[in-house]
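Note: the block below is protein-v4.cif and it holds mmCIF, C-alpha atoms.
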data_query
loop_
_atom_site.group_PDB
_atom_site.id
_atom_site.type_symbol
_atom_site.label_atom_id
_atom_site.label_comp_id
_atom_site.auth_asym_id
_atom_site.auth_seq_id
_atom_site.Cartn_x
_atom_site.Cartn_y
_atom_site.Cartn_z
ATOM 1 C CA MET Y 1 52.789 43.350 14.375
ATOM 2 C CA ASN Y 2 55.460 43.266 11.712
ATOM 3 C CA ILE Y 3 55.158 45.520 8.656
ATOM 4 C CA LEU Y 4 57.119 44.900 5.456
ATOM 5 C CA LEU Y 5 58.594 47.983 3.785
ATOM 6 C CA PHE Y 6 59.569 48.487 0.155
ATOM 7 C CA GLY Y 7 60.947 51.215 -2.089
ATOM 8 C CA ILE Y 8 60.791 54.694 -0.665
ATOM 9 C CA THR Y 9 59.018 53.586 2.526
ATOM 10 C CA ARG Y 10 62.081 51.495 3.387
ATOM 11 C CA ASP Y 11 64.302 54.532 2.817
ATOM 12 C CA ILE Y 12 62.075 56.758 4.968
ATOM 13 C CA VAL Y 13 61.893 54.323 7.887
ATOM 14 C CA GLY Y 14 65.491 53.196 7.431
ATOM 15 C CA ALA Y 15 64.721 49.467 7.702
ATOM 16 C CA SER Y 16 63.132 46.713 5.621
ATOM 17 C CA HIS Y 17 60.485 46.038 8.244
ATOM 18 C CA LEU Y 18 58.890 47.796 11.148
ATOM 19 C CA GLN Y 19 57.750 46.319 14.447
ATOM 20 C CA VAL Y 20 54.656 47.894 15.988
ATOM 21 C CA GLU Y 21 54.433 47.389 19.755
ATOM 22 C CA PRO Y 22 51.274 45.785 21.185
ATOM 23 C CA ALA Y 23 50.413 48.939 23.176
ATOM 24 C CA GLU Y 24 50.028 51.023 20.011
ATOM 25 C CA ARG Y 25 48.698 48.301 17.780
ATOM 26 C CA PRO Y 26 46.247 49.817 15.282
ATOM 27 C CA LYS Y 27 42.982 47.948 14.778
ATOM 28 C CA THR Y 28 42.360 48.935 11.160
ATOM 29 C CA VAL Y 29 44.336 49.815 8.053
ATOM 30 C CA GLY Y 30 43.207 53.438 8.441
ATOM 31 C CA GLN Y 31 44.472 53.571 12.044
ATOM 32 C CA LEU Y 32 47.783 52.073 10.938
ATOM 33 C CA LYS Y 33 48.165 54.785 8.289
ATOM 34 C CA GLN Y 34 47.463 57.486 10.893
ATOM 35 C CA TRP Y 35 49.963 56.002 13.315
ATOM 36 C CA LEU Y 36 52.610 55.775 10.584
ATOM 37 C CA ALA Y 37 52.024 59.373 9.492
ATOM 38 C CA GLY Y 38 52.608 60.469 13.097
ATOM 39 C CA GLN Y 39 55.822 58.466 13.435
ATOM 40 C CA TYR Y 40 57.201 59.172 9.957
ATOM 41 C CA PRO Y 41 55.821 62.511 8.661
ATOM 42 C CA GLU Y 42 57.709 62.110 5.359
ATOM 43 C CA LEU Y 43 55.219 59.392 4.409
ATOM 44 C CA LYS Y 44 52.615 62.137 4.050
ATOM 45 C CA ASN Y 45 54.566 63.623 1.104
ATOM 46 C CA LEU Y 46 54.148 60.499 -1.053
ATOM 47 C CA SER Y 47 51.778 60.520 -4.050
ATOM 48 C CA SER Y 48 49.893 57.647 -2.421
ATOM 49 C CA LEU Y 49 50.368 55.005 0.248
ATOM 50 C CA ALA Y 50 48.473 51.711 0.178
ATOM 51 C CA VAL Y 51 48.518 48.869 2.666
ATOM 52 C CA ALA Y 52 48.490 45.208 1.692
ATOM 53 C CA VAL Y 53 47.125 42.575 4.061
ATOM 54 C CA ASP Y 54 48.142 39.006 3.229
ATOM 55 C CA SER Y 55 49.390 40.306 -0.131
ATOM 56 C CA GLU Y 56 46.098 41.902 -1.216
ATOM 57 C CA TYR Y 57 45.327 45.627 -1.336
ATOM 58 C CA ALA Y 58 43.243 46.504 1.763
ATOM 59 C CA GLU Y 59 40.717 49.303 2.339
ATOM 60 C CA ASP Y 60 41.045 51.692 5.296
ATOM 61 C CA ASP Y 61 38.252 49.955 7.240
ATOM 62 C CA ALA Y 62 39.864 46.493 6.971
ATOM 63 C CA LEU Y 63 40.598 44.962 10.383
ATOM 64 C CA LEU Y 64 44.156 44.013 11.323
ATOM 65 C CA SER Y 65 45.215 40.982 13.338
ATOM 66 C CA PRO Y 66 48.669 39.936 14.555
ATOM 67 C CA HIS Y 67 49.122 36.933 12.278
ATOM 68 C CA GLN Y 68 48.526 38.696 8.996
ATOM 69 C CA GLU Y 69 51.344 39.707 6.689
ATOM 70 C CA ILE Y 70 51.149 43.485 6.401
ATOM 71 C CA ALA Y 71 53.083 45.567 3.882
ATOM 72 C CA LEU Y 72 53.268 49.225 2.893
ATOM 73 C CA ILE Y 73 52.821 49.804 -0.836
ATOM 74 C CA PRO Y 74 54.142 53.209 -1.957
ATOM 75 C CA PRO Y 75 53.370 54.336 -5.553
ATOM 76 C CA VAL Y 76 54.346 51.484 -7.862
ATOM 77 C CA SER Y 77 56.698 52.023 -10.805
ATOM 78 C CA GLY Y 78 57.228 48.690 -12.520
ATOM 79 C CA GLY Y 79 57.661 48.289 -16.260
ATOM 80 C CA MET D 1 50.510 31.178 -19.083
ATOM 81 C CA LEU D 2 53.983 32.000 -17.804
ATOM 82 C CA ILE D 3 54.451 34.715 -15.163
ATOM 83 C CA LYS D 4 57.869 35.197 -13.592
ATOM 84 C CA LEU D 5 60.076 37.661 -11.764
ATOM 85 C CA VAL D 6 63.623 37.041 -12.967
ATOM 86 C CA ASN D 7 67.136 38.381 -12.558
ATOM 87 C CA GLN D 8 67.709 38.406 -16.301
ATOM 88 C CA ILE D 9 65.147 38.372 -19.102
ATOM 89 C CA ASP D 10 65.788 35.762 -21.765
ATOM 90 C CA LEU D 11 64.034 36.893 -24.958
ATOM 91 C CA ASN D 12 64.591 33.537 -26.643
ATOM 92 C CA GLU D 13 62.870 31.777 -23.780
ATOM 93 C CA ALA D 14 59.975 34.230 -24.064
ATOM 94 C CA PHE D 15 59.541 33.675 -27.800
ATOM 95 C CA GLN D 16 59.922 29.895 -27.451
ATOM 96 C CA TYR D 17 57.240 29.804 -24.775
ATOM 97 C CA LEU D 18 54.756 31.611 -27.032
ATOM 98 C CA GLN D 19 55.136 29.160 -29.925
ATOM 99 C CA THR D 20 51.967 27.226 -30.741
ATOM 100 C CA PRO D 21 50.499 25.906 -33.985
ATOM 101 C CA ALA D 22 47.154 27.507 -33.055
ATOM 102 C CA ALA D 23 48.587 31.036 -33.252
ATOM 103 C CA GLY D 24 48.690 33.156 -36.378
ATOM 104 C CA GLY D 25 50.016 36.199 -34.538
ATOM 105 C CA THR D 26 52.571 36.512 -31.761
ATOM 106 C CA ASN D 27 53.285 39.893 -30.224
ATOM 107 C CA LEU D 28 56.018 40.718 -27.710
ATOM 108 C CA PHE D 29 56.345 44.041 -25.945
ATOM 109 C CA ILE D 30 59.846 44.597 -24.601
ATOM 110 C CA GLY D 31 60.447 47.417 -22.129
ATOM 111 C CA THR D 32 64.100 48.469 -21.908
ATOM 112 C CA VAL D 33 66.178 50.853 -19.791
ATOM 113 C CA ARG D 34 66.179 54.321 -21.386
ATOM 114 C CA ASP D 35 69.207 56.588 -20.983
ATOM 115 C CA HIS D 36 67.200 59.683 -19.982
ATOM 116 C CA ALA D 37 64.235 60.737 -17.852
ATOM 117 C CA GLN D 38 62.811 64.223 -17.312
ATOM 118 C CA GLY D 39 65.772 65.818 -19.047
ATOM 119 C CA LYS D 40 68.366 64.017 -16.952
ATOM 120 C CA GLN D 41 70.825 61.370 -18.006
ATOM 121 C CA VAL D 42 70.016 57.995 -16.469
ATOM 122 C CA VAL D 43 72.958 55.811 -15.456
ATOM 123 C CA LYS D 44 71.098 52.659 -14.390
ATOM 124 C CA LEU D 45 67.863 51.379 -12.819
ATOM 125 C CA VAL D 46 67.280 49.133 -9.834
ATOM 126 C CA PHE D 47 64.008 47.199 -9.500
ATOM 127 C CA GLU D 48 62.566 45.564 -6.428
ATOM 128 C CA ALA D 49 59.266 43.771 -5.809
ATOM 129 C CA TYR D 50 57.021 42.497 -3.082
ATOM 130 C CA ALA D 51 57.267 39.181 -4.888
ATOM 131 C CA PRO D 52 54.313 37.119 -3.583
ATOM 132 C CA MET D 53 51.909 40.021 -4.094
ATOM 133 C CA ALA D 54 53.441 41.032 -7.438
ATOM 134 C CA LEU D 55 52.896 37.514 -8.775
ATOM 135 C CA LYS D 56 49.298 37.510 -7.525
ATOM 136 C CA GLU D 57 48.571 40.876 -9.153
ATOM 137 C CA LEU D 58 50.208 39.809 -12.411
ATOM 138 C CA GLU D 59 48.060 36.693 -12.423
ATOM 139 C CA LYS D 60 44.917 38.817 -11.991
ATOM 140 C CA ILE D 61 45.884 40.972 -14.971
ATOM 141 C CA ALA D 62 46.668 37.899 -17.054
ATOM 142 C CA ASN D 63 43.281 36.378 -16.230
ATOM 143 C CA GLN D 64 41.526 39.633 -17.176
ATOM 144 C CA ALA D 65 43.327 39.566 -20.525
ATOM 145 C CA LYS D 66 42.292 35.956 -21.085
ATOM 146 C CA ALA D 67 38.686 36.889 -20.330
ATOM 147 C CA ASN D 68 38.789 39.799 -22.800
ATOM 148 C CA TRP D 69 40.623 38.308 -25.791
ATOM 149 C CA PRO D 70 41.002 34.864 -27.387
ATOM 150 C CA ILE D 71 44.513 34.036 -26.208
ATOM 151 C CA GLU D 72 46.467 30.859 -26.954
ATOM 152 C CA LYS D 73 49.583 31.708 -24.938
ATOM 153 C CA LEU D 74 50.386 34.549 -22.547
ATOM 154 C CA LEU D 75 53.596 35.562 -20.861
ATOM 155 C CA ILE D 76 54.748 38.263 -18.455
ATOM 156 C CA LEU D 77 58.364 38.530 -17.326
ATOM 157 C CA HIS D 78 59.713 41.302 -15.108
ATOM 158 C CA ALA D 79 63.356 41.735 -14.184
ATOM 159 C CA LEU D 80 64.535 42.592 -10.673
ATOM 160 C CA GLY D 81 67.827 44.026 -9.468
ATOM 161 C CA GLU D 82 70.274 46.347 -11.191
ATOM 162 C CA LYS D 83 69.729 46.987 -14.916
ATOM 163 C CA GLN D 84 71.953 48.877 -17.341
ATOM 164 C CA ILE D 85 70.944 51.105 -20.285
ATOM 165 C CA GLY D 86 69.404 49.063 -23.100
ATOM 166 C CA GLU D 87 68.689 45.941 -21.047
ATOM 167 C CA PRO D 88 65.190 44.441 -21.216
ATOM 168 C CA VAL D 89 63.328 44.863 -17.921
ATOM 169 C CA VAL D 90 59.798 43.772 -18.769
ATOM 170 C CA VAL D 91 58.212 41.586 -21.415
ATOM 171 C CA THR D 92 54.540 41.020 -22.120
ATOM 172 C CA GLY D 93 53.716 38.535 -24.846
ATOM 173 C CA VAL D 94 50.579 37.087 -26.367
ATOM 174 C CA ALA D 95 50.024 34.483 -29.061
ATOM 175 C CA SER D 96 46.583 34.424 -30.636
ATOM 176 C CA ALA D 97 44.876 33.076 -33.747
ATOM 177 C CA HIS D 98 44.697 36.607 -35.170
ATOM 178 C CA ARG D 99 46.946 39.627 -34.709
ATOM 179 C CA ASN D 100 44.399 42.067 -33.275
ATOM 180 C CA ALA D 101 44.005 40.176 -30.025
ATOM 181 C CA ALA D 102 47.774 39.764 -29.737
ATOM 182 C CA PHE D 103 48.405 43.510 -30.196
ATOM 183 C CA GLU D 104 45.624 44.647 -27.875
ATOM 184 C CA ALA D 105 46.203 42.155 -25.074
ATOM 185 C CA THR D 106 49.955 42.799 -25.012
ATOM 186 C CA ARG D 107 49.328 46.492 -24.530
ATOM 187 C CA PHE D 108 46.673 45.850 -21.880
ATOM 188 C CA LEU D 109 49.142 43.704 -19.917
ATOM 189 C CA ILE D 110 51.901 46.336 -19.798
ATOM 190 C CA ASP D 111 49.472 49.217 -19.119
ATOM 191 C CA GLU D 112 47.830 47.403 -16.197
ATOM 192 C CA LEU D 113 51.149 46.155 -14.833
ATOM 193 C CA LYS D 114 52.244 49.755 -14.401
ATOM 194 C CA LYS D 115 49.119 50.616 -12.360
ATOM 195 C CA THR D 116 48.811 47.936 -9.687
ATOM 196 C CA VAL D 117 51.736 45.526 -9.485
ATOM 197 C CA PRO D 118 53.982 46.152 -6.445
ATOM 198 C CA ILE D 119 57.278 46.609 -8.257
ATOM 199 C CA TRP D 120 59.415 49.686 -7.685
ATOM 200 C CA LYS D 121 62.027 51.354 -9.855
ATOM 201 C CA LYS D 122 64.883 53.483 -8.583
ATOM 202 C CA GLU D 123 66.418 55.721 -11.216
ATOM 203 C CA TYR D 124 70.095 56.580 -10.814
ATOM 204 C CA TYR D 125 71.456 59.785 -12.368
ATOM 205 C CA GLN D 126 75.018 61.148 -12.398
ATOM 206 C CA ASP D 127 74.559 62.925 -9.062
ATOM 207 C CA ASN D 128 71.564 61.371 -7.252
ATOM 208 C CA SER D 129 68.737 58.845 -7.435
ATOM 209 C CA ILE D 130 64.958 58.792 -6.978
ATOM 210 C CA TRP D 131 62.161 56.248 -6.534
ATOM 211 C CA VAL D 132 60.054 56.809 -9.654
ATOM 212 C CA ASN D 133 56.457 58.061 -9.044
ATOM 213 C CA ALA D 134 57.017 58.318 -5.262
ATOM 214 C CA HIS D 135 56.265 62.042 -5.033
ATOM 215 C CA PRO D 136 53.673 64.184 -6.838
#
Would you mind giving the structure from this file in structure tokens?
Amino acid sequence: MNILLFGITRDIVGASHLQVEPAERPKTVGQLKQWLAGQYPELKNLSSLAVAVDSEYAEDDALLSPHQEIALIPPVSGG
Amino acid sequence: MLIKLVNQIDLNEAFQYLQTPAAGGTNLFIGTVRDHAQGKQVVKLVFEAYAPMALKELEKIANQAKANWPIEKLLILHALGEKQIGEPVVVTGVASAHRNAAFEATRFLIDELKKTVPIWKKEYYQDNSIWVNAHP
């Protein structure tokens, strides 16, 4: 599972994407967020952290599968 | 409607696009780089986007505006990359038969853009930089 990173999440992880190994692959968006918070505690300090699945905002109970495009969406600040 | 992420905003292109004989009012909101934020002097901004999703979200906002107001032409441009003080970074524009719809829809577009569209702004000061809105 490959996760795209933008803005401050890229700075925190130190890369523009993150590979999640099959052994720890989270089944839902909520599980992914928990796993990320364990790996990168700084993510917990953000005002918010959303996950996009196939470029749409996804709820915590949304199921993840290997062929989806997954991205972390930290607080947006366009305009 | 015209929705684009661009390296450089061309205000002439924006105004040209909005021209239509059916419109009696054309309104353009232009967001520019301000030289200060929270009491600090800003040196420059850098914008980045999750482009495919940003375009999708912008399209949703544009369609909401079209459902809410009688709109002849609608445009949203957002700049990416490094931007200096005074440069335009975002434009929302609406042409409508009457001015009220043009004023209101233009404001709706920029207000909604700031809430949901995955675009991020890094503010550079003299001594450091921050991702805007990242922390409470």
Output the residue selection produced by the PyMOL selection byres ((chain D) within 10 of (chain Y)) on the file above, formatted as number ranges by chain.
D: 30-33, 47-57, 77-80, 88-92, 110-122, 130-136
Since I can't run it myself right now, could you work out what the PyMOL selection byres ((chain D and resi 63) around 12) selects here and report it as a PyMOL selection string?
chain D and resi 1-3+56-62+64-71+73-76+105+108-109+112
Given the PyMOL selection byres ((chain D and resi 19-29) around 7) and the file above, list the residues it selects as a PyMOL selection string.
chain D and resi 15-18+30-31+72+91-99+102-103+106
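Each of Y:Arg10, Y:His67, Y:Arg25, Y:Lys33 was compared to Ala50 in chain Y using all atoms listed in the file, and Y:Lys33 turns out to be the nearest.
Residue nearest Ile12 in chain Y, chosen from Y:Thr28, Y:Glu42, Y:Gln34, Y:Pro66 and counting only C-alpha atoms: Y:Glu42.
Between CA of Tyr125 in chain D and CA of Glu82 in chain D the interatomic distance comes to 13.5 Å.
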With a distance cut-off of 7 Å and only C-alpha atoms, select the neighbouring residues of Gln19 in chain Y, excluding the residue or stretch itself and same-chain residues fewer than 2 positions from it, and output the selection as a PyMOL selection string.
chain Y and resi 1-3+17+21
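Here CA of Ile85 in chain D is placed at a distance of 5.8 Å from CA of Asp35 in chain D.
Distance-wise, CA of Asn12 in chain D and CA of Lys44 in chain D end up 23.6 Å apart.
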